[in-house]
>>> print(open('run37.cif').read())   # mmCIF, C-alpha atoms
data_final
loop_
_atom_site.group_PDB
_atom_site.id
_atom_site.type_symbol
_atom_site.label_atom_id
_atom_site.label_comp_id
_atom_site.auth_asym_id
_atom_site.auth_seq_id
_atom_site.Cartn_x
_atom_site.Cartn_y
_atom_site.Cartn_z
ATOM 1 C CA MET A 1 -13.019 -0.214 14.716
ATOM 2 C CA HIS A 2 -12.880 -3.968 15.313
ATOM 3 C CA VAL A 3 -11.042 -4.468 12.013
ATOM 4 C CA ARG A 4 -8.439 -1.854 12.955
ATOM 5 C CA LEU A 5 -7.969 -3.455 16.378
ATOM 6 C CA PHE A 6 -7.563 -6.866 14.775
ATOM 7 C CA GLU A 7 -5.005 -5.602 12.255
ATOM 8 C CA SER A 8 -3.072 -3.716 14.938
ATOM 9 C CA LEU A 9 -2.350 -6.946 16.844
ATOM 10 C CA HIS A 10 1.114 -8.391 16.361
ATOM 11 C CA ILE A 11 1.116 -11.566 14.315
ATOM 12 C CA PHE A 12 2.720 -13.512 17.188
ATOM 13 C CA TRP A 13 -0.202 -12.776 19.519
ATOM 14 C CA LEU A 14 -2.627 -13.735 16.790
ATOM 15 C CA PHE A 15 -0.846 -17.092 16.491
ATOM 16 C CA VAL A 16 -0.977 -17.600 20.266
ATOM 17 C CA GLY A 17 -4.678 -16.706 20.356
ATOM 18 C CA ILE A 18 -5.536 -19.052 17.481
ATOM 19 C CA ALA A 19 -3.568 -21.917 19.010
ATOM 20 C CA LEU A 20 -5.209 -21.424 22.424
ATOM 21 C CA MET A 21 -8.682 -21.303 20.876
ATOM 22 C CA MET A 22 -8.032 -24.519 18.994
ATOM 23 C CA LEU A 23 -6.768 -26.180 22.164
ATOM 24 C CA LEU A 24 -9.842 -24.924 23.998
ATOM 25 C CA PHE A 25 -12.191 -26.514 21.461
ATOM 26 C CA CYS A 26 -10.144 -29.684 21.610
ATOM 27 C CA GLU A 27 -10.470 -29.691 25.414
ATOM 28 C CA ILE A 28 -14.249 -29.232 25.115
ATOM 29 C CA GLY A 29 -14.383 -32.288 22.874
ATOM 30 C CA TYR A 30 -12.119 -34.197 25.254
ATOM 31 C CA GLN A 31 -14.340 -33.495 28.237
ATOM 32 C CA PHE A 32 -17.397 -34.543 26.236
ATOM 33 C CA GLY A 33 -15.640 -37.750 25.145
ATOM 34 C CA ARG A 34 -14.674 -38.575 28.719
ATOM 35 C CA TYR A 35 -18.245 -37.962 29.876
ATOM 36 C CA VAL A 36 -19.627 -40.356 27.282
ATOM 37 C CA PHE A 37 -16.816 -42.847 27.972
ATOM 38 C CA LYS A 38 -17.792 -43.069 31.649
ATOM 39 C CA ARG A 39 -21.409 -43.806 30.794
ATOM 40 C CA LYS A 40 -20.906 -46.320 27.977
ATOM 41 C CA ASP A 41 -18.500 -48.987 26.769
ATOM 42 C CA LYS A 42 -14.807 -48.326 26.295
ATOM 43 C CA ASP A 43 -14.656 -48.969 22.570
ATOM 44 C CA VAL A 44 -14.299 -45.945 20.346
ATOM 45 C CA PRO A 45 -17.194 -45.855 17.863
ATOM 46 C CA GLY A 46 -16.016 -46.643 14.343
ATOM 47 C CA PRO A 47 -17.753 -43.681 12.641
ATOM 48 C CA LEU A 48 -16.029 -41.243 15.011
ATOM 49 C CA GLY A 49 -12.587 -41.863 13.510
ATOM 50 C CA SER A 50 -13.959 -41.394 10.002
ATOM 51 C CA MET A 51 -15.694 -38.186 11.054
ATOM 52 C CA VAL A 52 -12.492 -36.781 12.587
ATOM 53 C CA GLY A 53 -10.521 -37.644 9.461
ATOM 54 C CA GLY A 54 -13.190 -36.096 7.251
ATOM 55 C CA LEU A 55 -13.320 -32.870 9.253
ATOM 56 C CA LEU A 56 -9.537 -32.546 9.341
ATOM 57 C CA GLY A 57 -9.454 -33.118 5.582
ATOM 58 C CA MET A 58 -12.164 -30.491 5.111
ATOM 59 C CA LEU A 59 -10.214 -28.083 7.297
ATOM 60 C CA ALA A 60 -7.090 -28.656 5.220
ATOM 61 C CA PHE A 61 -9.082 -28.032 2.019
ATOM 62 C CA VAL A 62 -10.596 -24.765 3.276
ATOM 63 C CA LEU A 63 -7.181 -23.622 4.503
ATOM 64 C CA ALA A 64 -5.652 -24.365 1.101
ATOM 65 C CA PHE A 65 -8.497 -22.513 -0.639
ATOM 66 C CA THR A 66 -8.157 -19.510 1.676
ATOM 67 C CA PHE A 67 -4.382 -19.481 1.314
ATOM 68 C CA SER A 68 -4.781 -19.446 -2.466
ATOM 69 C CA ILE A 69 -7.004 -16.350 -2.255
ATOM 70 C CA ALA A 70 -4.623 -14.554 0.123
ATOM 71 C CA SER A 71 -1.576 -15.429 -1.974
ATOM 72 C CA SER A 72 -3.267 -14.211 -5.172
ATOM 73 C CA GLN A 73 -4.227 -10.919 -3.526
ATOM 74 C CA HIS A 74 -0.676 -10.506 -2.213
ATOM 75 C CA GLU A 75 0.716 -10.928 -5.736
ATOM 76 C CA THR A 76 -1.780 -8.393 -7.069
ATOM 77 C CA ARG A 77 -0.709 -5.821 -4.476
ATOM 78 C CA ARG A 78 2.947 -6.422 -5.317
ATOM 79 C CA ASP A 79 2.272 -5.997 -9.045
ATOM 80 C CA ASN A 80 0.281 -2.824 -8.347
ATOM 81 C CA VAL A 81 3.248 -1.238 -6.572
ATOM 82 C CA LEU A 82 5.489 -1.897 -9.563
ATOM 83 C CA GLU A 83 2.855 -0.681 -12.028
ATOM 84 C CA GLU A 84 2.252 2.506 -10.058
ATOM 85 C CA ALA A 85 5.985 3.194 -9.853
ATOM 86 C CA ASN A 86 6.237 2.837 -13.640
ATOM 87 C CA ILE A 87 3.253 5.137 -14.232
ATOM 88 C CA ILE A 88 4.580 7.816 -11.881
ATOM 89 C CA GLY A 89 8.025 7.521 -13.473
ATOM 90 C CA THR A 90 6.505 7.982 -16.916
ATOM 91 C CA ALA A 91 4.593 11.078 -15.770
ATOM 92 C CA TYR A 92 7.783 12.459 -14.208
ATOM 93 C CA LEU A 93 9.701 12.066 -17.474
ATOM 94 C CA ARG A 94 6.900 13.512 -19.583
ATOM 95 C CA ALA A 95 6.869 16.600 -17.384
ATOM 96 C CA ASP A 96 9.932 17.624 -19.440
ATOM 97 C CA LEU A 97 7.493 18.304 -22.304
ATOM 98 C CA LEU A 98 5.975 21.225 -20.342
ATOM 99 C CA ASP A 99 7.406 24.696 -19.942
ATOM 100 C CA GLU A 100 9.862 25.316 -17.133
ATOM 101 C CA SER A 101 7.409 26.622 -14.544
ATOM 102 C CA SER A 102 4.832 23.876 -15.156
ATOM 103 C CA GLU A 103 7.574 21.244 -15.221
ATOM 104 C CA THR A 104 8.824 22.324 -11.808
ATOM 105 C CA ILE A 105 5.316 22.295 -10.312
ATOM 106 C CA VAL A 106 4.476 18.860 -11.719
ATOM 107 C CA LYS A 107 7.763 17.261 -10.696
ATOM 108 C CA ASP A 108 7.547 18.631 -7.158
ATOM 109 C CA LEU A 109 3.993 17.308 -6.858
ATOM 110 C CA LEU A 110 5.050 13.875 -8.102
ATOM 111 C CA LYS A 111 7.893 13.749 -5.563
ATOM 112 C CA SER A 112 5.475 14.617 -2.766
ATOM 113 C CA TYR A 113 3.080 12.002 -4.106
ATOM 114 C CA VAL A 114 5.693 9.244 -3.920
ATOM 115 C CA ASP A 115 6.638 10.336 -0.391
ATOM 116 C CA ILE A 116 2.988 10.098 0.682
ATOM 117 C CA ARG A 117 2.643 6.603 -0.783
ATOM 118 C CA LEU A 118 5.810 5.407 0.937
ATOM 119 C CA ASP A 119 4.815 6.896 4.299
ATOM 120 C CA ALA A 120 1.405 5.201 4.119
ATOM 121 C CA ALA A 121 2.972 1.854 3.211
ATOM 122 C CA ARG A 122 5.358 2.121 6.165
ATOM 123 C CA GLY A 123 2.564 2.419 8.692
ATOM 124 C CA GLY A 124 1.373 6.004 8.330
ATOM 125 C CA ASP A 125 -2.217 7.199 8.571
ATOM 126 C CA ILE A 126 -4.005 5.672 5.570
ATOM 127 C CA ASN A 127 -6.962 8.053 5.646
ATOM 128 C CA GLU A 128 -4.702 11.083 5.735
ATOM 129 C CA ALA A 129 -2.615 9.649 2.895
ATOM 130 C CA LEU A 130 -5.750 9.174 0.782
ATOM 131 C CA LYS A 131 -6.802 12.790 1.358
ATOM 132 C CA GLU A 132 -3.339 14.107 0.489
ATOM 133 C CA SER A 133 -3.194 11.895 -2.605
ATOM 134 C CA ALA A 134 -6.562 13.209 -3.804
ATOM 135 C CA ALA A 135 -5.365 16.782 -3.255
ATOM 136 C CA ILE A 136 -2.241 16.148 -5.325
ATOM 137 C CA HIS A 137 -4.392 14.591 -8.071
ATOM 138 C CA ARG A 138 -6.350 17.838 -8.304
ATOM 139 C CA GLN A 139 -3.230 19.989 -8.296
ATOM 140 C CA LEU A 140 -1.571 17.832 -10.955
ATOM 141 C CA TRP A 141 -4.634 17.892 -13.179
ATOM 142 C CA ASN A 142 -4.972 21.679 -12.831
ATOM 143 C CA ALA A 143 -1.322 22.261 -13.672
ATOM 144 C CA VAL A 144 -1.328 19.926 -16.686
ATOM 145 C CA SER A 145 -4.770 20.868 -18.049
ATOM 146 C CA VAL A 146 -4.071 24.611 -17.875
ATOM 147 C CA TYR A 147 -0.859 24.147 -19.842
ATOM 148 C CA ALA A 148 -2.527 21.776 -22.331
ATOM 149 C CA ILE A 149 -5.351 24.249 -23.023
ATOM 150 C CA ALA A 150 -2.868 27.062 -23.557
ATOM 151 C CA ASN A 151 -0.514 24.909 -25.645
ATOM 152 C CA PRO A 152 -2.475 22.140 -27.403
ATOM 153 C CA SER A 153 -0.207 19.638 -29.139
ATOM 154 C CA PRO A 154 0.470 15.885 -29.374
ATOM 155 C CA LEU A 155 3.201 16.309 -26.757
ATOM 156 C CA THR A 156 0.889 17.829 -24.156
ATOM 157 C CA SER A 157 -1.659 15.058 -24.814
ATOM 158 C CA LEU A 158 1.013 12.577 -23.687
ATOM 159 C CA MET A 159 1.248 14.369 -20.344
ATOM 160 C CA ILE A 160 -2.538 14.421 -20.045
ATOM 161 C CA GLN A 161 -2.609 10.651 -20.638
ATOM 162 C CA ALA A 162 0.138 10.067 -18.058
ATOM 163 C CA THR A 163 -1.798 12.087 -15.470
ATOM 164 C CA ASN A 164 -4.979 10.137 -16.215
ATOM 165 C CA ASP A 165 -3.109 6.850 -15.815
ATOM 166 C CA LEU A 166 -1.694 8.000 -12.469
ATOM 167 C CA ILE A 167 -5.131 8.906 -11.098
ATOM 168 C CA ASP A 168 -6.668 5.639 -12.352
ATOM 169 C CA MET A 169 -3.818 3.637 -10.830
ATOM 170 C CA HIS A 170 -4.476 5.225 -7.445
ATOM 171 C CA GLU A 171 -7.954 3.702 -7.286
ATOM 172 C CA LYS A 172 -6.643 0.355 -8.509
ATOM 173 C CA ARG A 173 -4.006 0.217 -5.805
ATOM 174 C CA VAL A 174 -6.357 1.368 -3.047
ATOM 175 C CA THR A 175 -8.852 -1.298 -4.064
ATOM 176 C CA GLY A 176 -6.175 -3.986 -4.041
ATOM 177 C CA ALA A 177 -4.700 -2.924 -0.709
ATOM 178 C CA LEU A 178 -7.755 -1.974 1.346
ATOM 179 C CA ARG A 179 -10.834 -3.568 -0.194
ATOM 180 C CA ASN A 180 -9.763 -6.836 -1.789
ATOM 181 C CA ARG A 181 -9.598 -8.967 1.330
ATOM 182 C CA ILE A 182 -10.711 -12.472 2.137
ATOM 183 C CA PRO A 183 -14.523 -12.312 2.536
ATOM 184 C CA PHE A 184 -15.935 -12.527 6.044
ATOM 185 C CA SER A 185 -18.071 -15.527 5.050
ATOM 186 C CA ILE A 186 -14.907 -17.529 4.298
ATOM 187 C CA TRP A 187 -13.382 -16.582 7.660
ATOM 188 C CA LEU A 188 -16.635 -17.643 9.323
ATOM 189 C CA ALA A 189 -16.630 -20.985 7.512
ATOM 190 C CA LEU A 190 -12.960 -21.537 8.399
ATOM 191 C CA ALA A 191 -13.631 -20.779 12.080
ATOM 192 C CA ALA A 192 -16.653 -23.088 12.185
ATOM 193 C CA ILE A 193 -14.868 -26.000 10.505
ATOM 194 C CA THR A 194 -11.826 -25.490 12.746
ATOM 195 C CA ALA A 195 -13.995 -25.558 15.872
ATOM 196 C CA LEU A 196 -15.879 -28.667 14.729
ATOM 197 C CA ALA A 197 -12.664 -30.470 13.741
ATOM 198 C CA MET A 198 -11.005 -29.714 17.081
ATOM 199 C CA ILE A 199 -14.091 -30.751 19.053
ATOM 200 C CA ALA A 200 -14.324 -33.999 17.091
ATOM 201 C CA LEU A 201 -10.617 -34.665 17.614
ATOM 202 C CA GLY A 202 -10.930 -33.981 21.340
ATOM 203 C CA THR A 203 -13.959 -36.266 21.562
ATOM 204 C CA GLN A 204 -12.007 -39.094 19.951
ATOM 205 C CA VAL A 205 -9.135 -38.541 22.375
ATOM 206 C CA GLY A 206 -11.584 -38.379 25.303
ATOM 207 C CA TYR A 207 -12.955 -41.829 24.442
ATOM 208 C CA SER A 208 -9.489 -43.253 25.085
ATOM 209 C CA ALA A 209 -9.349 -41.488 28.488
ATOM 210 C CA LYS A 210 -5.817 -40.276 27.613
ATOM 211 C CA ARG A 211 -5.074 -36.731 26.461
ATOM 212 C CA ARG A 212 -2.256 -37.749 24.078
ATOM 213 C CA LEU A 213 -0.883 -34.207 24.082
ATOM 214 C CA ILE A 214 2.254 -35.372 22.284
ATOM 215 C CA ALA A 215 0.096 -35.965 19.209
ATOM 216 C CA VAL A 216 -2.583 -33.298 19.658
ATOM 217 C CA ILE A 217 -0.391 -30.246 20.338
ATOM 218 C CA PRO A 218 1.814 -30.547 17.186
ATOM 219 C CA LEU A 219 -1.331 -30.975 15.072
ATOM 220 C CA VAL A 220 -2.977 -27.930 16.627
ATOM 221 C CA LEU A 221 0.180 -25.827 16.269
ATOM 222 C CA ALA A 222 0.562 -26.836 12.625
ATOM 223 C CA PHE A 223 -2.982 -25.755 11.765
ATOM 224 C CA ALA A 224 -2.524 -22.569 13.848
ATOM 225 C CA VAL A 225 0.608 -21.702 11.845
ATOM 226 C CA LEU A 226 -1.273 -22.129 8.570
ATOM 227 C CA VAL A 227 -4.200 -19.974 9.707
ATOM 228 C CA THR A 228 -1.784 -17.310 10.970
ATOM 229 C CA LEU A 229 0.048 -17.355 7.646
ATOM 230 C CA VAL A 230 -3.213 -16.723 5.784
ATOM 231 C CA ILE A 231 -4.052 -13.836 8.130
ATOM 232 C CA ASP A 232 -0.581 -12.391 7.615
ATOM 233 C CA LEU A 233 -0.935 -12.497 3.832
ATOM 234 C CA ASN A 234 -4.313 -10.782 4.134
ATOM 235 C CA ARG A 235 -2.733 -7.796 5.949
ATOM 236 C CA PRO A 236 -0.609 -5.925 3.338
ATOM 237 C CA GLN A 237 1.745 -3.924 5.563
ATOM 238 C CA SER A 238 1.107 -4.883 9.197
ATOM 239 C CA GLY A 239 2.510 -8.413 9.435
ATOM 240 C CA LEU A 240 5.692 -10.340 8.801
ATOM 241 C CA ILE A 241 4.913 -10.788 5.094
ATOM 242 C CA THR A 242 4.655 -7.295 3.609
ATOM 243 C CA VAL A 243 4.438 -5.936 0.078
ATOM 244 C CA SER A 244 7.846 -4.664 -0.975
ATOM 245 C CA GLN A 245 7.990 -0.951 -1.800
ATOM 246 C CA GLN A 246 11.444 -1.171 -3.360
ATOM 247 C CA SER A 247 10.268 -0.031 -6.800
ATOM 248 C CA MET A 248 8.801 3.143 -5.253
ATOM 249 C CA VAL A 249 11.965 3.680 -3.217
ATOM 250 C CA ASP A 250 14.084 3.335 -6.357
ATOM 251 C CA LEU A 251 11.804 5.749 -8.191
ATOM 252 C CA ARG A 252 12.133 8.347 -5.436
ATOM 253 C CA SER A 253 15.903 7.986 -5.500
ATOM 254 C CA SER A 254 15.959 8.434 -9.280
ATOM 255 C CA MET A 255 13.909 11.632 -8.908
ATOM 256 C CA ASP A 256 16.548 13.072 -6.591
ATOM 257 C CA GLY A 257 19.236 11.912 -9.011
ATOM 258 C CA ASN A 258 17.557 13.693 -11.899
ATOM 259 C CA LYS A 259 17.448 16.853 -9.846
ATOM 260 C CA SER A 260 21.147 16.710 -9.103
ATOM 261 C CA ASP A 261 21.955 15.995 -12.756
ATOM 262 C CA ASN A 262 20.039 19.085 -13.818
#
>>> encode(input="run37.cif", output="structure tokens")
Amino acid sequence: MHVRLFESLHIFWLFVGIALMMLLFCEIGYQFGRYVFKRKDKDVPGPLGSMVGGLLGMLAFVLAFTFSIASSQHETRRDNVLEEANIIGTAYLRADLLDESSETIVKDLLKSYVDIRLDAARGGDINEALKESAAIHRQLWNAVSVYAIANPSPLTSLMIQATNDLIDMHEKRVTGALRNRIPFSIWLALAAITALAMIALGTQVGYSAKRRLIAVIPLVLAFAVLVTLVIDLNRPQSGLITVSQQSMVDLRSSMDGNKSDN
């Protein structure tokens, strides 16, 4: 439930929330620095600057590492869409090897299958799409296997293989889209390092007794943009950076074109 709520938030509000949280931690550090400044000398301790630089460098490293994971997963999802479109297209063409009644059933099922995938990618109910996809898998397999048993030949084995590939590709795409996400432990580490870096930065600023917002705010906003970008890449279809479904759209259009040609 919490994951769904998080993914339903618009990316802009996520950016605002991240930026405000970072500013809050920075303010906590600032107040702590001012408190210590009032009780001790006015010189900023030497190790503090090194610690701030080290934490900011660590934060940049973890962000780069996390971005690399998110970017790799985004590429995998994009490749999966193209691969699935090719597999479905192959199955659609090989349906011509069946008799007329079986061909019509299989092609209609494949058209419905593509429509379901496109609807889910455009924001439809994922759970419902998975159930409908599984139902079409069963109907496709029944239609193809019944014909293959009645008419065993090398040509029907090609259709059997295409159907197998389509079913296997479904699991591959679901895994890439819904299960291959950035691990929670990495998000936890990123949040902890971000909080520590902002508190340390605020403490350093607090020692000077001047907020220096002209320097702090751009830094905070820059890191907030990077974190938001990683979150956006980790959400396949609910952010500004989405996985293109153009190959599936083109496939669906070609199916309608084949129908008109016939």
>>> atom_distance(input="run37.cif", atom1="CA of Ile88 in chain A", atom2="CA of Leu166 in chain A")
6.3 Å
>>> closest_residue(input="run37.cif", among="A:Ala121, A:Ala91, A:Ala195, A:Leu140", to="Leu158 in chain A", atoms="all atoms listed in the file")
A:Ala91
>>> resolve_selection(input="run37.cif", expression="the PyMOL selection byres ((chain A and resi 22) around 8)", output="JSON, numbers by chain")
{"A": [18, 19, 20, 21, 23, 24, 25, 26, 194, 195, 198, 220, 224]}
>>> closest_residue(input="run37.cif", among="A:Tyr207, A:Arg94, A:Met169, A:Gln246", to="Pro154 in chain A", atoms="only C-alpha atoms")
A:Arg94
>>> atom_distance(input="run37.cif", atom1="CA of Asp168 in chain A", atom2="CA of Ile231 in chain A")
28.4 Å
>>> resolve_selection(input="run37.cif", expression="the PyMOL selection byres ((chain A and resi 148) around 12)", output="PyMOL selection string")
chain A and resi 95+97-99+102+141-147+149-161+163
>>> axis_aligned_box(input="run37.cif", around="range 132-143 of chain A", padding_each_side="6 Å", output="JSON")
{"center_x": -3.9, "center_y": 17.1, "center_z": -6.6, "size_x": 17.2, "size_y": 22.4, "size_z": 26.2}
>>> atom_distance(input="run37.cif", atom1="CA of Glu171 in chain A", atom2="CA of Ile241 in chain A")
23.0 Å
>>> closest_residue(input="run37.cif", among="A:Ala200, A:Leu221, A:Leu93, A:Ala120", to="Gly17 in chain A", atoms="only C-alpha atoms")
A:Leu221
>>> closest_residue(input="run37.cif", among="A:Gln245, A:Ser133, A:Ser101, A:Thr228", to="His170 in chain A", atoms="all atoms listed in the file")
A:Ser133
>>> residues_around(input="run37.cif", residues="Gly202 in chain A", least_positions_apart="5", cutoff="8 Å", atoms="all atoms listed in the file", output="list in words")
Phe25, Cys26, Glu27, Ile28, Gly29, Tyr30, Gln31 and Gly33 of chain A
>>> closest_residue(input="run37.cif", among="A:Arg34, A:Ile186, A:Gly124, A:Lys111", to="Val230 in chain A", atoms="only C-alpha atoms")
A:Ile186
>>> residues_near_point(input="run37.cif", point="(-16.2, -32.9, 7.0)", cutoff="12 Å", atoms="only C-alpha atoms", output="VMD selection string")
chain A and resid 48 to 62 189 to 190 192 to 198 200
>>> write_last_selection(input="run37.cif", atoms="C-alpha atoms", output="PDB file, keeping the file's coordinate frame")
ATOM      1  CA  LEU A  48     -16.029 -41.243  15.011  1.00  0.00           C
ATOM      2  CA  GLY A  49     -12.587 -41.863  13.510  1.00  0.00           C
ATOM      3  CA  SER A  50     -13.959 -41.394  10.002  1.00  0.00           C
ATOM      4  CA  MET A  51     -15.694 -38.186  11.054  1.00  0.00           C
ATOM      5  CA  VAL A  52     -12.492 -36.781  12.587  1.00  0.00           C
ATOM      6  CA  GLY A  53     -10.521 -37.644   9.461  1.00  0.00           C
ATOM      7  CA  GLY A  54     -13.190 -36.096   7.251  1.00  0.00           C
ATOM      8  CA  LEU A  55     -13.320 -32.870   9.253  1.00  0.00           C
ATOM      9  CA  LEU A  56      -9.537 -32.546   9.341  1.00  0.00           C
ATOM     10  CA  GLY A  57      -9.454 -33.118   5.582  1.00  0.00           C
ATOM     11  CA  MET A  58     -12.164 -30.491   5.111  1.00  0.00           C
ATOM     12  CA  LEU A  59     -10.214 -28.083   7.297  1.00  0.00           C
ATOM     13  CA  ALA A  60      -7.090 -28.656   5.220  1.00  0.00           C
ATOM     14  CA  PHE A  61      -9.082 -28.032   2.019  1.00  0.00           C
ATOM     15  CA  VAL A  62     -10.596 -24.765   3.276  1.00  0.00           C
ATOM     16  CA  ALA A 189     -16.630 -20.985   7.512  1.00  0.00           C
ATOM     17  CA  LEU A 190     -12.960 -21.537   8.399  1.00  0.00           C
ATOM     18  CA  ALA A 192     -16.653 -23.088  12.185  1.00  0.00           C
ATOM     19  CA  ILE A 193     -14.868 -26.000  10.505  1.00  0.00           C
ATOM     20  CA  THR A 194     -11.826 -25.490  12.746  1.00  0.00           C
ATOM     21  CA  ALA A 195     -13.995 -25.558  15.872  1.00  0.00           C
ATOM     22  CA  LEU A 196     -15.879 -28.667  14.729  1.00  0.00           C
ATOM     23  CA  ALA A 197     -12.664 -30.470  13.741  1.00  0.00           C
ATOM     24  CA  MET A 198     -11.005 -29.714  17.081  1.00  0.00           C
ATOM     25  CA  ALA A 200     -14.324 -33.999  17.091  1.00  0.00           C
TER      26      ALA A 200
END
>>> closest_residue(input="run37.cif", among="A:Leu130, A:Glu83, A:Val114, A:Thr66", to="Leu178 in chain A", atoms="all atoms listed in the file")
A:Leu130
>>> resolve_selection(input="run37.cif", expression="the PyMOL selection byres ((chain A and resi 113) around 12)", output="ChimeraX atom specification")
/A:84-85,88-89,91-92,106-112,114-120,129-140,166-167,170,248,251-252,255
>>> residues_around(input="run37.cif", residues="Arg179 in chain A", least_positions_apart="2", cutoff="12 Å", atoms="all atoms listed in the file", output="list in words")
Gln73, Arg77, Glu171, Lys172, Arg173, Val174, Thr175, Gly176, Ala177, Arg181, Ile182, Pro183, Asn234, Arg235 and Pro236 of chain A
